[in-house]
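Undergrad: Pasting a structure below so you can have a look.
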Amino acid sequence: MKTWRTARGTRVIRLLAGRSNVFLVSLAGRNLLVDSGPAWNGRALERRLRRLGVARLDALVLTHAHFDHAGSAARLQQEFAAPVIVQRAEAGDLARGEIVLPDGTSRLARFLVARLRPLAAGRARCAPCPADVLADECLDLAAYGLRAHVLHTPGHTPGSQSVIVDDEIALVGDALFGVLPGSAFPPFAMDAARLVESWGKLLATGCRLFLPAHGTAVSRALLERDYHGRKAASPAARR
């Protein structure tokens, strides 16, 4: 389990990696989970939490309601007494356990989505989970004992959000991908232009490190380079 630590002592621990990263934010005995991973990893996630001595979660923040991020949310809500925090725009999908798969952002990704969407529609579900807290543009997490806040970062989905820890480390869900070298751009997004705008919001936090749900950490230098390159190439910038 890889661990990062902010200058102010908050730990960010990657509990699960592979299909979807899951992070625990921990400070002075208070514990916040960011995403729950898919349902089939639920038992492994529980074992790792208990191995760390976590018997109760102060909160579970979902970056969005897709099955690979929210698949174990209902289970954790019950087993760890975890209040579930989701962006208001995602609450209905989470409560129904249904999602709308995003479009591809490249020719290959669009081809894959067109072929796989009919097959995935029945499988891309998770157990229905009622939200306990609805976030809007920004939600301070001080009430949960952490120096962190939730920031609305739409684009991958309308209700995508990120968790900003000590203004140093951002847990960004699918707003970024850490899979391809030299690029942070996700292969799937419902609104690619809005996604790039969310990158600007993430950079404005001053964070030095961005931890996506898929792949490895993204540096500030890489995100800045990719962001400015895409802004310069946008139709609005050429007008």
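Order determines the names: the first chain of the structure tokens is A, the second B, and so forth; residues in each chain are numbered 1 upward, and ligands are numbered 1 upward as they are shown.
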Within 7 Å of range 84-95 of chain A, counting only C-alpha atoms, which residues show up once you throw out same-chain ones fewer than 4 positions away? Write them as a VMD selection string, please.
TA: chain A and resid 59 to 62 64 to 65 77 99 128 to 136 158 to 161
Undergrad: Store the residues picked out above in a file with N, CA and C atoms, as a PDB file, in the first residue's frame.
TA:
```pdb
ATOM      1  N   ALA A  59     -16.153   9.239   6.730  1.00  0.00           N
ATOM      2  CA  ALA A  59     -16.937   9.541   5.529  1.00  0.00           C
ATOM      3  C   ALA A  59     -16.359   8.773   4.353  1.00  0.00           C
ATOM      4  N   LEU A  60     -17.204   8.566   3.349  1.00  0.00           N
ATOM      5  CA  LEU A  60     -16.804   8.009   2.057  1.00  0.00           C
ATOM      6  C   LEU A  60     -17.185   9.031   0.990  1.00  0.00           C
ATOM      7  N   VAL A  61     -16.184   9.563   0.296  1.00  0.00           N
ATOM      8  CA  VAL A  61     -16.429  10.498  -0.806  1.00  0.00           C
ATOM      9  C   VAL A  61     -16.327   9.728  -2.113  1.00  0.00           C
ATOM     10  N   LEU A  62     -17.347   9.829  -2.930  1.00  0.00           N
ATOM     11  CA  LEU A  62     -17.317   9.212  -4.258  1.00  0.00           C
ATOM     12  C   LEU A  62     -16.997  10.285  -5.284  1.00  0.00           C
ATOM     13  N   HIS A  64     -17.357   9.958  -8.416  1.00  0.00           N
ATOM     14  CA  HIS A  64     -18.538   9.895  -9.267  1.00  0.00           C
ATOM     15  C   HIS A  64     -19.172   8.526  -9.069  1.00  0.00           C
ATOM     16  N   ALA A  65     -20.306   8.293  -9.703  1.00  0.00           N
ATOM     17  CA  ALA A  65     -21.120   7.132  -9.355  1.00  0.00           C
ATOM     18  C   ALA A  65     -20.946   5.941 -10.295  1.00  0.00           C
ATOM     19  N   GLN A  77     -21.042   1.721   3.524  1.00  0.00           N
ATOM     20  CA  GLN A  77     -21.990   2.547   4.272  1.00  0.00           C
ATOM     21  C   GLN A  77     -22.550   1.765   5.459  1.00  0.00           C
ATOM     22  N   ILE A  99     -25.789   3.798 -14.244  1.00  0.00           N
ATOM     23  CA  ILE A  99     -24.915   4.842 -14.763  1.00  0.00           C
ATOM     24  C   ILE A  99     -25.110   4.986 -16.270  1.00  0.00           C
ATOM     25  N   PRO A 128     -27.668  -0.193  -5.269  1.00  0.00           N
ATOM     26  CA  PRO A 128     -28.196   1.140  -4.975  1.00  0.00           C
ATOM     27  C   PRO A 128     -27.753   1.628  -3.605  1.00  0.00           C
ATOM     28  N   CYS A 129     -27.401   2.904  -3.549  1.00  0.00           N
ATOM     29  CA  CYS A 129     -26.863   3.471  -2.312  1.00  0.00           C
ATOM     30  C   CYS A 129     -27.397   4.888  -2.135  1.00  0.00           C
ATOM     31  N   PRO A 130     -28.172   5.151  -1.102  1.00  0.00           N
ATOM     32  CA  PRO A 130     -28.636   6.521  -0.874  1.00  0.00           C
ATOM     33  C   PRO A 130     -27.503   7.394  -0.350  1.00  0.00           C
ATOM     34  N   ALA A 131     -27.384   8.579  -0.881  1.00  0.00           N
ATOM     35  CA  ALA A 131     -26.344   9.512  -0.416  1.00  0.00           C
ATOM     36  C   ALA A 131     -26.750  10.097   0.923  1.00  0.00           C
ATOM     37  N   ASP A 132     -25.765  10.338   1.782  1.00  0.00           N
ATOM     38  CA  ASP A 132     -26.009  10.990   3.066  1.00  0.00           C
ATOM     39  C   ASP A 132     -25.767  12.489   2.986  1.00  0.00           C
ATOM     40  N   VAL A 133     -24.814  12.889   2.156  1.00  0.00           N
ATOM     41  CA  VAL A 133     -24.449  14.304   2.016  1.00  0.00           C
ATOM     42  C   VAL A 133     -24.311  14.615   0.536  1.00  0.00           C
ATOM     43  N   LEU A 134     -24.937  15.695   0.084  1.00  0.00           N
ATOM     44  CA  LEU A 134     -24.829  16.131  -1.305  1.00  0.00           C
ATOM     45  C   LEU A 134     -23.904  17.340  -1.379  1.00  0.00           C
ATOM     46  N   ALA A 135     -22.867  17.214  -2.187  1.00  0.00           N
ATOM     47  CA  ALA A 135     -21.925  18.315  -2.387  1.00  0.00           C
ATOM     48  C   ALA A 135     -22.351  19.135  -3.593  1.00  0.00           C
ATOM     49  N   ASP A 136     -22.025  20.408  -3.561  1.00  0.00           N
ATOM     50  CA  ASP A 136     -22.260  21.281  -4.706  1.00  0.00           C
ATOM     51  C   ASP A 136     -20.904  21.687  -5.282  1.00  0.00           C
ATOM     52  N   PRO A 158     -21.091  14.786 -15.320  1.00  0.00           N
ATOM     53  CA  PRO A 158     -21.508  16.105 -14.832  1.00  0.00           C
ATOM     54  C   PRO A 158     -21.242  16.314 -13.348  1.00  0.00           C
ATOM     55  N   GLY A 159     -21.266  15.237 -12.572  1.00  0.00           N
ATOM     56  CA  GLY A 159     -21.081  15.379 -11.133  1.00  0.00           C
ATOM     57  C   GLY A 159     -19.750  14.898 -10.619  1.00  0.00           C
ATOM     58  N   SER A 160     -18.742  14.800 -11.465  1.00  0.00           N
ATOM     59  CA  SER A 160     -17.427  14.379 -10.990  1.00  0.00           C
ATOM     60  C   SER A 160     -16.874  15.395 -10.000  1.00  0.00           C
ATOM     61  N   GLN A 161     -16.179  14.899  -8.980  1.00  0.00           N
ATOM     62  CA  GLN A 161     -15.594  15.786  -7.978  1.00  0.00           C
ATOM     63  C   GLN A 161     -14.258  15.223  -7.521  1.00  0.00           C
TER      64      GLN A 161
END
```
Undergrad: Measuring between only C-alpha atoms, which one of A:Arg225, A:Lys231, A:Arg5, A:Arg43 shows the shortest distance to Arg194 in chain A?
TA: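 Result for the nearest residue to Arg194 in chain A: A:Lys231.
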Undergrad: Set the distance at 8 Å and use only C-alpha atoms: which residues neighbour Ala127 in chain A once local chain neighbours fewer than 6 positions away are removed? I'd like the list as a list in words.
TA: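 The contact residues come out as Gly71, Ser72, Ala73, Ala74, Arg96 and Gly97 of chain A.
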Undergrad: Can you pull out every residue within 12 Å of Tyr144 in chain A, counting only C-alpha atoms, but drop anything in the same chain fewer than 5 positions away, and send it as a PDB file with C-alpha atoms, in the first residue's frame?
TA:
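File out-v2.pdb, as written:
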```pdb
ATOM      1  CA  VAL A  25      -7.017   9.982   3.849  1.00  0.00           C
ATOM      2  CA  SER A  26      -5.977   9.742   7.489  1.00  0.00           C
ATOM      3  CA  LEU A  27      -5.124  12.277  10.199  1.00  0.00           C
ATOM      4  CA  ALA A  28      -5.085  11.893  13.986  1.00  0.00           C
ATOM      5  CA  GLY A  29      -7.386   8.896  13.982  1.00  0.00           C
ATOM      6  CA  ARG A  30      -9.894  10.343  11.513  1.00  0.00           C
ATOM      7  CA  ASN A  31     -10.371   8.420   8.277  1.00  0.00           C
ATOM      8  CA  LEU A  32     -11.912   9.417   4.968  1.00  0.00           C
ATOM      9  CA  LEU A  33     -12.172   6.985   2.067  1.00  0.00           C
ATOM     10  CA  LEU A  57     -15.001   5.515   8.389  1.00  0.00           C
ATOM     11  CA  ASP A  58     -15.740   9.160   9.126  1.00  0.00           C
ATOM     12  CA  ALA A  59     -16.937   9.541   5.529  1.00  0.00           C
ATOM     13  CA  LEU A  60     -16.804   8.009   2.057  1.00  0.00           C
ATOM     14  CA  VAL A  61     -16.429  10.498  -0.806  1.00  0.00           C
ATOM     15  CA  ALA A  82     -19.666   5.596   6.536  1.00  0.00           C
ATOM     16  CA  PRO A  83     -21.695   8.670   5.533  1.00  0.00           C
ATOM     17  CA  ILE A  85     -20.777  12.071   0.090  1.00  0.00           C
ATOM     18  CA  LEU A 139     -17.665  21.129   0.486  1.00  0.00           C
ATOM     19  CA  HIS A 149     -12.368  19.898   0.802  1.00  0.00           C
TER      20      HIS A 149
END
```
Undergrad: One decimal, Å: what's the distance from CA of His228 in chain A over to CA of Ser198 in chain A, could you say?
TA: 12.6 Å
Undergrad: I want to know what sits within 8 Å of Thr157 in chain A, based on only C-alpha atoms, with residues of the same chain fewer than 3 positions away left out; could you give that as a PDB file with C-alpha atoms, in the first residue's frame?
TA:
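Heads up, here's the output in result.pdb:
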```pdb
ATOM      1  CA  HIS A  64     -18.538   9.895  -9.267  1.00  0.00           C
ATOM      2  CA  PRO A 102     -19.276   8.319 -21.074  1.00  0.00           C
ATOM      3  CA  PRO A 154     -17.041  17.972 -14.017  1.00  0.00           C
ATOM      4  CA  SER A 160     -17.427  14.379 -10.990  1.00  0.00           C
ATOM      5  CA  ALA A 189     -15.491  11.853 -20.883  1.00  0.00           C
ATOM      6  CA  MET A 190     -19.009  13.156 -21.330  1.00  0.00           C
ATOM      7  CA  ASP A 191     -17.759  16.717 -21.901  1.00  0.00           C
TER       8      ASP A 191
END
```
Undergrad: Using only C-alpha atoms, which protein or nucleic acid residues come within 10 Å of Lys201 in chain A? Drop anything in the same chain fewer than 5 positions from it, and give the result as a PyMOL selection string.
TA: chain A and resi 151-153+195-196+206
Undergrad: Could you pull out all residues of range 153-224 of chain A with a DSSP call of strand (DSSP E or B) and give them as a PyMOL selection string?
TA: chain A and resi 161-165+169-173+178+188+209-212+215+218-219
Undergrad: In Å, with one decimal, what is the gap from CA of Ile164 in chain A to CA of Leu209 in chain A?
TA: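 A separation of 10.2 Å between them.
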Undergrad: Could you list, as a ChimeraX atom specification, every residue within 9 Å of Asp166 in chain A, counting only C-alpha atoms and ignoring same-chain residues fewer than 4 positions away?
TA: /A:6-8,10,146-149,170,207
Undergrad: CA of Asp35 in chain A and CA of Ala81 in chain A, how far apart in Å?
TA: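 Distance reported for this atom pair: 15.1 Å.
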